[in-house]
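Listing of final.txt; format and content: compact mmCIF, C-alpha atoms.
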```txt
# COMPACT_ATOMS: atom_id res chain seq x y z
CA MET A 10 187.24 113.34 115.53
CA ASN A 11 183.90 114.08 117.14
CA ARG A 12 180.56 114.04 115.39
CA LEU A 13 178.34 117.09 115.77
CA PRO A 14 175.00 116.33 117.40
CA ALA A 15 171.94 117.11 115.35
CA PRO A 16 169.66 120.00 116.42
CA GLY A 17 167.67 118.92 119.44
CA GLU A 18 170.15 116.13 120.16
CA GLY A 19 172.45 118.33 122.25
CA PRO A 20 172.56 118.58 126.02
CA GLY A 21 169.41 120.68 126.27
CA ARG A 22 170.92 124.17 126.29
CA PRO A 23 168.99 126.02 123.57
CA ASP A 24 170.30 129.38 124.83
CA VAL A 25 173.95 128.41 124.24
CA PRO A 26 175.22 128.52 120.66
CA PHE A 27 176.28 125.12 119.43
CA GLU A 28 179.93 126.15 118.97
CA ARG A 29 180.14 126.99 122.67
CA LEU A 30 178.72 123.73 123.95
CA PRO A 31 181.36 121.65 125.75
CA MET A 32 182.55 118.47 124.07
CA PRO A 33 181.68 115.21 125.80
CA GLY A 34 184.12 114.62 128.65
CA ARG A 35 185.49 118.15 128.40
CA GLN A 36 183.97 119.27 131.71
CA ALA A 37 185.60 116.36 133.55
CA VAL A 38 189.00 117.23 132.06
CA LEU A 39 188.54 120.86 133.09
CA ILE A 40 187.62 119.94 136.66
CA ALA A 41 190.57 117.53 136.87
CA ALA A 42 192.92 120.26 135.61
CA LEU A 43 191.47 122.69 138.15
CA VAL A 44 191.86 120.28 141.09
CA ILE A 45 195.43 119.33 140.12
CA GLY A 46 196.22 123.01 139.54
CA LEU A 47 194.96 123.98 143.00
CA LEU A 48 197.05 121.19 144.58
CA MET A 49 200.09 122.48 142.67
CA LEU A 50 199.34 125.99 143.95
CA GLY A 51 199.49 124.62 147.50
CA MET A 52 202.86 123.07 146.70
CA GLN A 53 204.13 126.36 145.26
CA LEU A 54 203.03 128.19 148.39
CA TRP A 55 204.94 125.66 150.47
CA LEU A 56 208.02 126.14 148.24
CA LEU A 57 207.78 129.90 148.79
CA THR A 58 207.65 129.52 152.57
CA VAL A 59 210.65 127.16 152.52
CA ALA A 60 212.51 129.66 150.31
CA LEU A 61 211.71 132.50 152.72
CA GLU A 62 212.88 130.39 155.65
CA MET A 63 216.15 129.60 153.85
CA PHE A 64 216.63 133.24 152.86
CA LEU A 65 216.20 134.44 156.44
CA ARG A 66 218.55 131.70 157.66
CA GLY A 67 221.20 132.88 155.22
CA ASP A 68 221.20 129.80 152.94
CA GLY A 69 220.43 131.94 149.91
CA GLU A 70 222.49 129.86 147.49
CA ASP A 71 220.19 126.84 147.81
CA ILE A 72 216.96 128.67 146.91
CA TRP A 73 217.55 128.26 143.15
CA GLY A 74 216.34 124.66 143.18
CA LEU A 75 213.07 125.76 144.78
CA ALA A 76 212.67 128.58 142.24
CA VAL A 77 213.21 126.13 139.36
CA ALA A 78 210.60 123.72 140.80
CA SER A 79 208.12 126.59 141.20
CA GLY A 80 208.84 127.74 137.63
CA VAL A 81 208.19 124.25 136.26
CA VAL A 82 204.79 124.19 138.00
CA PHE A 83 203.97 127.63 136.56
CA LEU A 84 204.98 126.58 133.03
CA GLY A 85 202.91 123.41 133.43
CA GLY A 86 199.90 125.55 134.35
CA LEU A 87 200.44 127.81 131.32
CA PHE A 88 200.70 124.77 129.07
CA THR A 89 197.50 123.29 130.54
CA VAL A 90 195.54 126.50 129.99
CA ARG A 91 196.80 126.68 126.41
CA LEU A 92 195.89 123.05 125.84
CA LEU A 93 192.40 123.49 127.27
CA ASN A 94 191.75 126.60 125.19
CA ARG A 95 192.23 124.62 122.00
CA ARG A 96 188.94 123.33 120.62
CA PRO A 97 189.06 119.98 118.84
CA ARG A 98 188.03 119.90 115.20
CA LEU A 99 184.43 119.06 114.64
CA GLU A 100 183.14 116.89 111.86
CA ARG A 101 179.76 117.87 110.47
CA MET B 23 149.57 107.33 150.66
CA THR B 24 149.11 109.96 147.98
CA GLU B 25 148.21 112.57 150.57
CA LEU B 26 151.22 111.66 152.68
CA ARG B 27 153.54 112.05 149.69
CA GLU B 28 152.10 115.33 148.51
CA ARG B 29 151.97 117.14 151.79
CA PRO B 30 155.73 117.51 152.38
CA LEU B 31 156.17 118.56 148.76
CA ARG B 32 153.59 121.27 149.09
CA ARG B 33 155.05 122.40 152.37
CA SER B 34 158.57 122.61 150.95
CA ARG B 35 157.34 124.46 147.87
CA THR B 36 155.60 127.00 150.08
CA ARG B 37 158.71 127.35 152.18
CA GLN B 38 160.81 127.84 149.09
CA GLU B 39 158.48 130.50 147.74
CA ARG B 40 158.56 132.30 151.08
CA TRP B 41 162.35 132.06 151.08
CA ARG B 42 162.52 133.50 147.59
CA THR B 43 160.28 136.38 148.61
CA GLU B 44 162.29 137.18 151.71
CA PHE B 45 165.69 136.75 150.07
CA PRO B 46 165.30 137.68 146.42
CA TYR B 47 168.37 136.95 144.31
CA ASP B 48 168.86 138.15 140.78
CA TRP B 49 170.81 135.35 139.16
CA GLU B 50 170.91 137.16 135.83
CA ALA B 51 172.64 140.18 137.36
CA ASP B 52 175.22 138.03 139.16
CA SER B 53 178.60 137.52 137.55
CA ALA B 54 179.61 133.94 138.15
CA VAL B 55 183.22 132.83 137.71
CA SER B 56 183.48 129.96 135.27
CA ARG B 57 185.83 127.01 135.82
CA ARG B 58 187.93 128.20 132.91
CA GLU B 59 188.29 131.68 134.48
CA LEU B 60 189.16 130.12 137.82
CA LEU B 61 191.86 128.05 136.12
CA ARG B 62 193.32 131.19 134.53
CA LEU B 63 193.26 132.91 137.92
CA ALA B 64 195.06 129.91 139.44
CA VAL B 65 197.77 130.13 136.77
CA LEU B 66 198.18 133.87 137.46
CA THR B 67 198.54 133.12 141.19
CA SER B 68 201.04 130.41 140.30
CA GLY B 69 203.04 133.00 138.34
CA ALA B 70 203.01 135.36 141.32
CA LEU B 71 204.23 132.60 143.65
CA PHE B 72 206.98 131.70 141.19
CA ALA B 73 208.00 135.37 140.94
CA GLY B 74 208.19 135.57 144.75
CA THR B 75 210.43 132.49 144.95
CA LEU B 76 212.61 133.86 142.13
CA VAL B 77 213.03 137.22 143.89
CA LEU B 78 214.13 135.40 147.07
CA ALA B 79 216.59 133.31 145.03
CA ILE B 80 218.07 136.46 143.44
CA LEU B 81 218.26 138.30 146.78
CA GLY B 82 219.83 135.21 148.36
CA ARG B 83 222.67 135.26 145.84
CA ARG B 84 224.05 138.53 147.05
CA ASP B 85 226.22 138.56 150.12
CA ASP B 86 223.93 138.89 153.10
CA ARG B 87 226.59 139.92 155.52
CA ARG B 88 225.88 143.37 156.81
CA ARG B 89 229.35 144.81 156.74
CA GLY B 90 229.37 147.94 158.85
CA ALA B 91 232.56 149.83 159.39
CA PRO B 92 234.68 148.02 162.00
CA MET B 93 233.56 149.42 165.32
CA PRO B 94 235.39 149.22 168.63
CA ILE B 95 233.39 147.82 171.53
CA ALA B 96 234.39 149.85 174.53
CA GLY B 97 235.04 147.70 177.61
CA ALA B 98 234.79 144.33 175.84
CA GLU B 99 238.46 143.56 176.37
CA SER B 100 238.06 143.75 180.16
CA LEU B 101 234.77 141.84 180.28
CA ALA B 102 234.75 139.31 183.15
CA GLU B 103 233.91 135.65 182.48
CA GLY B 104 230.18 134.97 182.49
CA GLU B 105 229.36 138.64 181.95
CA ALA B 106 227.61 140.39 179.07
CA LEU B 107 227.98 143.80 177.52
CA TYR B 108 225.35 145.40 175.31
CA PHE B 109 226.34 147.59 172.38
CA GLU B 110 224.98 148.84 169.06
CA TYR B 111 226.07 147.27 165.80
CA PRO B 112 226.05 147.67 162.80
CA GLY B 113 223.69 150.67 163.00
CA LYS B 114 222.72 153.03 165.79
CA ASN B 115 219.41 151.25 166.34
CA ASP B 116 220.73 147.68 166.04
CA GLN B 117 221.29 146.25 169.46
CA ALA B 118 223.85 143.53 170.02
CA VAL B 119 225.38 141.70 172.94
CA VAL B 120 228.92 140.46 173.55
CA LEU B 121 229.47 137.63 176.03
CA ASN B 122 232.60 136.32 177.71
CA LEU B 123 231.92 132.63 178.11
CA PRO B 124 234.17 130.34 180.15
CA GLY B 125 236.12 128.09 177.80
CA THR B 126 234.85 129.85 174.70
CA GLY B 127 235.91 133.45 175.13
CA LEU B 128 234.20 136.41 173.53
CA VAL B 129 231.15 135.81 171.34
CA ALA B 130 228.69 138.40 170.09
CA TYR B 131 225.18 138.23 168.65
CA SER B 132 222.46 140.51 167.47
CA GLN B 133 219.94 141.03 170.23
CA LYS B 134 217.05 140.73 167.81
CA CYS B 135 215.13 137.49 168.44
CA THR B 136 214.63 135.53 165.21
CA HIS B 137 211.00 134.88 166.14
CA LEU B 138 209.40 138.33 166.38
CA SER B 139 212.38 140.65 166.88
CA CYS B 140 212.12 141.21 170.63
CA SER B 141 215.41 141.95 172.38
CA VAL B 142 217.07 138.91 173.90
CA TYR B 143 219.15 139.24 177.06
CA PHE B 144 221.86 137.12 178.64
CA ASP B 145 220.96 135.12 181.71
CA GLY B 146 224.17 134.50 183.64
CA ASP B 147 222.72 131.67 185.78
CA SER B 148 221.56 129.45 182.93
CA ARG B 149 224.19 130.78 180.47
CA GLU B 150 221.47 131.21 177.87
CA LEU B 151 220.14 134.08 175.84
CA LEU B 152 216.48 134.52 176.73
CA CYS B 153 213.69 136.22 174.84
CA PRO B 154 211.14 137.62 177.32
CA CYS B 155 208.31 137.91 174.78
CA HIS B 156 207.62 134.22 174.12
CA ASP B 157 210.16 132.43 176.33
CA GLY B 158 212.54 131.68 173.49
CA LYS B 159 215.98 130.42 174.50
CA PHE B 160 219.25 130.44 172.57
CA ASP B 161 222.48 128.63 173.27
CA ALA B 162 224.98 131.33 174.26
CA ARG B 163 227.93 129.43 172.73
CA THR B 164 226.43 128.91 169.26
CA GLY B 165 223.39 131.19 169.08
CA GLU B 166 221.20 128.21 168.07
CA PRO B 167 217.62 128.17 169.37
CA ILE B 168 217.10 125.56 172.09
CA ALA B 169 213.56 126.29 173.31
CA GLY B 170 210.46 128.26 172.48
CA PRO B 171 209.16 129.46 169.13
CA PRO B 172 212.41 130.71 167.46
CA GLN B 173 213.57 128.42 164.65
CA ARG B 174 216.65 130.24 163.37
CA PRO B 175 219.91 131.06 165.20
CA LEU B 176 220.72 134.61 166.28
CA PRO B 177 222.79 136.57 163.73
CA ARG B 178 226.41 136.42 164.85
CA VAL B 179 228.67 139.45 165.12
CA VAL B 180 232.23 138.67 164.04
CA LEU B 181 234.79 140.07 166.46
CA GLU B 182 238.43 140.92 165.94
CA ALA B 183 241.11 141.97 168.40
CA ARG B 184 243.23 144.88 167.18
CA ASP B 185 245.81 146.65 169.32
CA GLY B 186 244.30 145.33 172.52
CA GLN B 187 240.80 146.47 171.60
CA VAL B 188 237.84 144.36 170.50
CA PHE B 189 236.20 145.37 167.22
CA ALA B 190 232.89 144.27 165.76
CA VAL B 191 233.67 143.59 162.09
CA GLU B 192 230.57 142.14 160.44
CA MET B 193 227.18 140.57 161.08
CA VAL B 194 226.54 137.06 159.75
CA PRO B 195 222.90 135.90 159.58
```
Would you write out, as structure tokens, the structure that this file holds?
Amino acid sequence: MNRLPAPGEGPGRPDVPFERLPMPGRQAVLIAALVIGLLMLGMQLWLLTVALEMFLRGDGEDIWGLAVASGVVFLGGLFTVRLLNRRPRLER
Amino acid sequence: MTELRERPLRRSRTRQERWRTEFPYDWEADSAVSRRELLRLAVLTSGALFAGTLVLAILGRRDDRRRGAPMPIAGAESLAEGEALYFEYPGKNDQAVVLNLPGTGLVAYSQKCTHLSCSVYFDGDSRELLCPCHDGKFDARTGEPIAGPPQRPLPRVVLEARDGQVFAVEMVP
């Protein structure tokens, strides 16, 4: 549980409503998720090119494994976005 | 010391002001993408990449062999060793080549190079299929690429002998 900062104790953003201020450490988590997500996107792009190569070669039966791996990455991304959209309970 | 410290500051401030005057930028009117929005966009892109891979997997499940109607190749039965004969299979605009190789017999391939679809031709001296566009070379016995940019083998045309005539039966990628 996180304690709410008192007025004037916050990170110096008077224009931003208190409810919208990021929790301590939240920004770092968001950036980490973004960096890992972009790396995973690169991996998915690589999986797609390998799948295309296999398709053109005629090894269509073996592409399912690549599709499953790509799907797991996508589901992981969805889960991360859902997790990051949740705001922790605040204690006044 | 004080003068030395202040002078560069003043100069840079003046430069900055001049820069702002020459290149005004309305930050309020700009729509910046937040990290959260970028993350959502990344997940959407991830979904699109997954969909692409899934489509390839589904398309790959169906039989890729392009079965045209069996088509006789006129003159293939009397083809001399080391010679090539060009024909069209499976469609009118699909060029293919049949080769009579010593020790192997008749083999046929699509003429479409697997690099950028130029037409390959048979070189009798080197016994290789050559692509003139980017110097790609294919082994005439197997259709496998042996030099140049092509990475995949040439699609093979399956041949059958019926009543003394050679028929092209199907194309295998």
Show me, as an mmCIF file with C-alpha atoms, keeping the file's coordinate frame, the residues of chain A whose atoms get within 10 Å of chain B, using all atoms listed in the file for the distance check.
```cif
data_model
loop_
_atom_site.group_PDB
_atom_site.id
_atom_site.type_symbol
_atom_site.label_atom_id
_atom_site.label_comp_id
_atom_site.auth_asym_id
_atom_site.auth_seq_id
_atom_site.Cartn_x
_atom_site.Cartn_y
_atom_site.Cartn_z
ATOM 1 C CA GLN A 36 183.970 119.270 131.710
ATOM 2 C CA LEU A 39 188.540 120.860 133.090
ATOM 3 C CA ILE A 40 187.620 119.940 136.660
ATOM 4 C CA ALA A 42 192.920 120.260 135.610
ATOM 5 C CA LEU A 43 191.470 122.690 138.150
ATOM 6 C CA VAL A 44 191.860 120.280 141.090
ATOM 7 C CA GLY A 46 196.220 123.010 139.540
ATOM 8 C CA LEU A 47 194.960 123.980 143.000
ATOM 9 C CA MET A 49 200.090 122.480 142.670
ATOM 10 C CA LEU A 50 199.340 125.990 143.950
ATOM 11 C CA GLY A 51 199.490 124.620 147.500
ATOM 12 C CA MET A 52 202.860 123.070 146.700
ATOM 13 C CA GLN A 53 204.130 126.360 145.260
ATOM 14 C CA LEU A 54 203.030 128.190 148.390
ATOM 15 C CA TRP A 55 204.940 125.660 150.470
ATOM 16 C CA LEU A 56 208.020 126.140 148.240
ATOM 17 C CA LEU A 57 207.780 129.900 148.790
ATOM 18 C CA THR A 58 207.650 129.520 152.570
ATOM 19 C CA VAL A 59 210.650 127.160 152.520
ATOM 20 C CA ALA A 60 212.510 129.660 150.310
ATOM 21 C CA LEU A 61 211.710 132.500 152.720
ATOM 22 C CA GLU A 62 212.880 130.390 155.650
ATOM 23 C CA MET A 63 216.150 129.600 153.850
ATOM 24 C CA PHE A 64 216.630 133.240 152.860
ATOM 25 C CA LEU A 65 216.200 134.440 156.440
ATOM 26 C CA ARG A 66 218.550 131.700 157.660
ATOM 27 C CA GLY A 67 221.200 132.880 155.220
ATOM 28 C CA ASP A 68 221.200 129.800 152.940
ATOM 29 C CA GLY A 69 220.430 131.940 149.910
ATOM 30 C CA GLU A 70 222.490 129.860 147.490
ATOM 31 C CA ASP A 71 220.190 126.840 147.810
ATOM 32 C CA ILE A 72 216.960 128.670 146.910
ATOM 33 C CA TRP A 73 217.550 128.260 143.150
ATOM 34 C CA GLY A 74 216.340 124.660 143.180
ATOM 35 C CA LEU A 75 213.070 125.760 144.780
ATOM 36 C CA ALA A 76 212.670 128.580 142.240
ATOM 37 C CA VAL A 77 213.210 126.130 139.360
ATOM 38 C CA ALA A 78 210.600 123.720 140.800
ATOM 39 C CA SER A 79 208.120 126.590 141.200
ATOM 40 C CA GLY A 80 208.840 127.740 137.630
ATOM 41 C CA VAL A 81 208.190 124.250 136.260
ATOM 42 C CA VAL A 82 204.790 124.190 138.000
ATOM 43 C CA PHE A 83 203.970 127.630 136.560
ATOM 44 C CA LEU A 84 204.980 126.580 133.030
ATOM 45 C CA GLY A 85 202.910 123.410 133.430
ATOM 46 C CA GLY A 86 199.900 125.550 134.350
ATOM 47 C CA LEU A 87 200.440 127.810 131.320
ATOM 48 C CA PHE A 88 200.700 124.770 129.070
ATOM 49 C CA THR A 89 197.500 123.290 130.540
ATOM 50 C CA VAL A 90 195.540 126.500 129.990
ATOM 51 C CA ARG A 91 196.800 126.680 126.410
ATOM 52 C CA LEU A 93 192.400 123.490 127.270
ATOM 53 C CA ASN A 94 191.750 126.600 125.190
#
```
Just checking: using all atoms listed in the file, which residue out of B:Gln187, B:Ala162, B:Tyr143, B:Glu39 ends up closest to Pro92 in chain B? B:Gln187
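Taking CA of Glu150 in chain B and CA of Leu138 in chain B as the two end points, the separation is 18.1 Å.
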Take CA of Asp116 in chain B and CA of Val179 in chain B and report the distance between them in Å, one decimal. 11.5 Å
Please report the interatomic distance between CA of Glu110 in chain B and CA of Cys135 in chain B in Å with one decimal. 15.0 Å
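Taking all atoms listed in the file into account, Leu101 in chain B lies nearest to B:Leu123 out of the set B:Leu63, B:Leu123, B:Leu151, B:Ala183.
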Could you please give me, as a VMD selection string, the residues of protein, DNA or RNA lying at most 9 Å from (233.5, 137.6, 169.1) in the coordinate frame of the file, considering only C-alpha atoms? chain B and resid 120 to 122 127 to 131 178 to 183 188 to 190
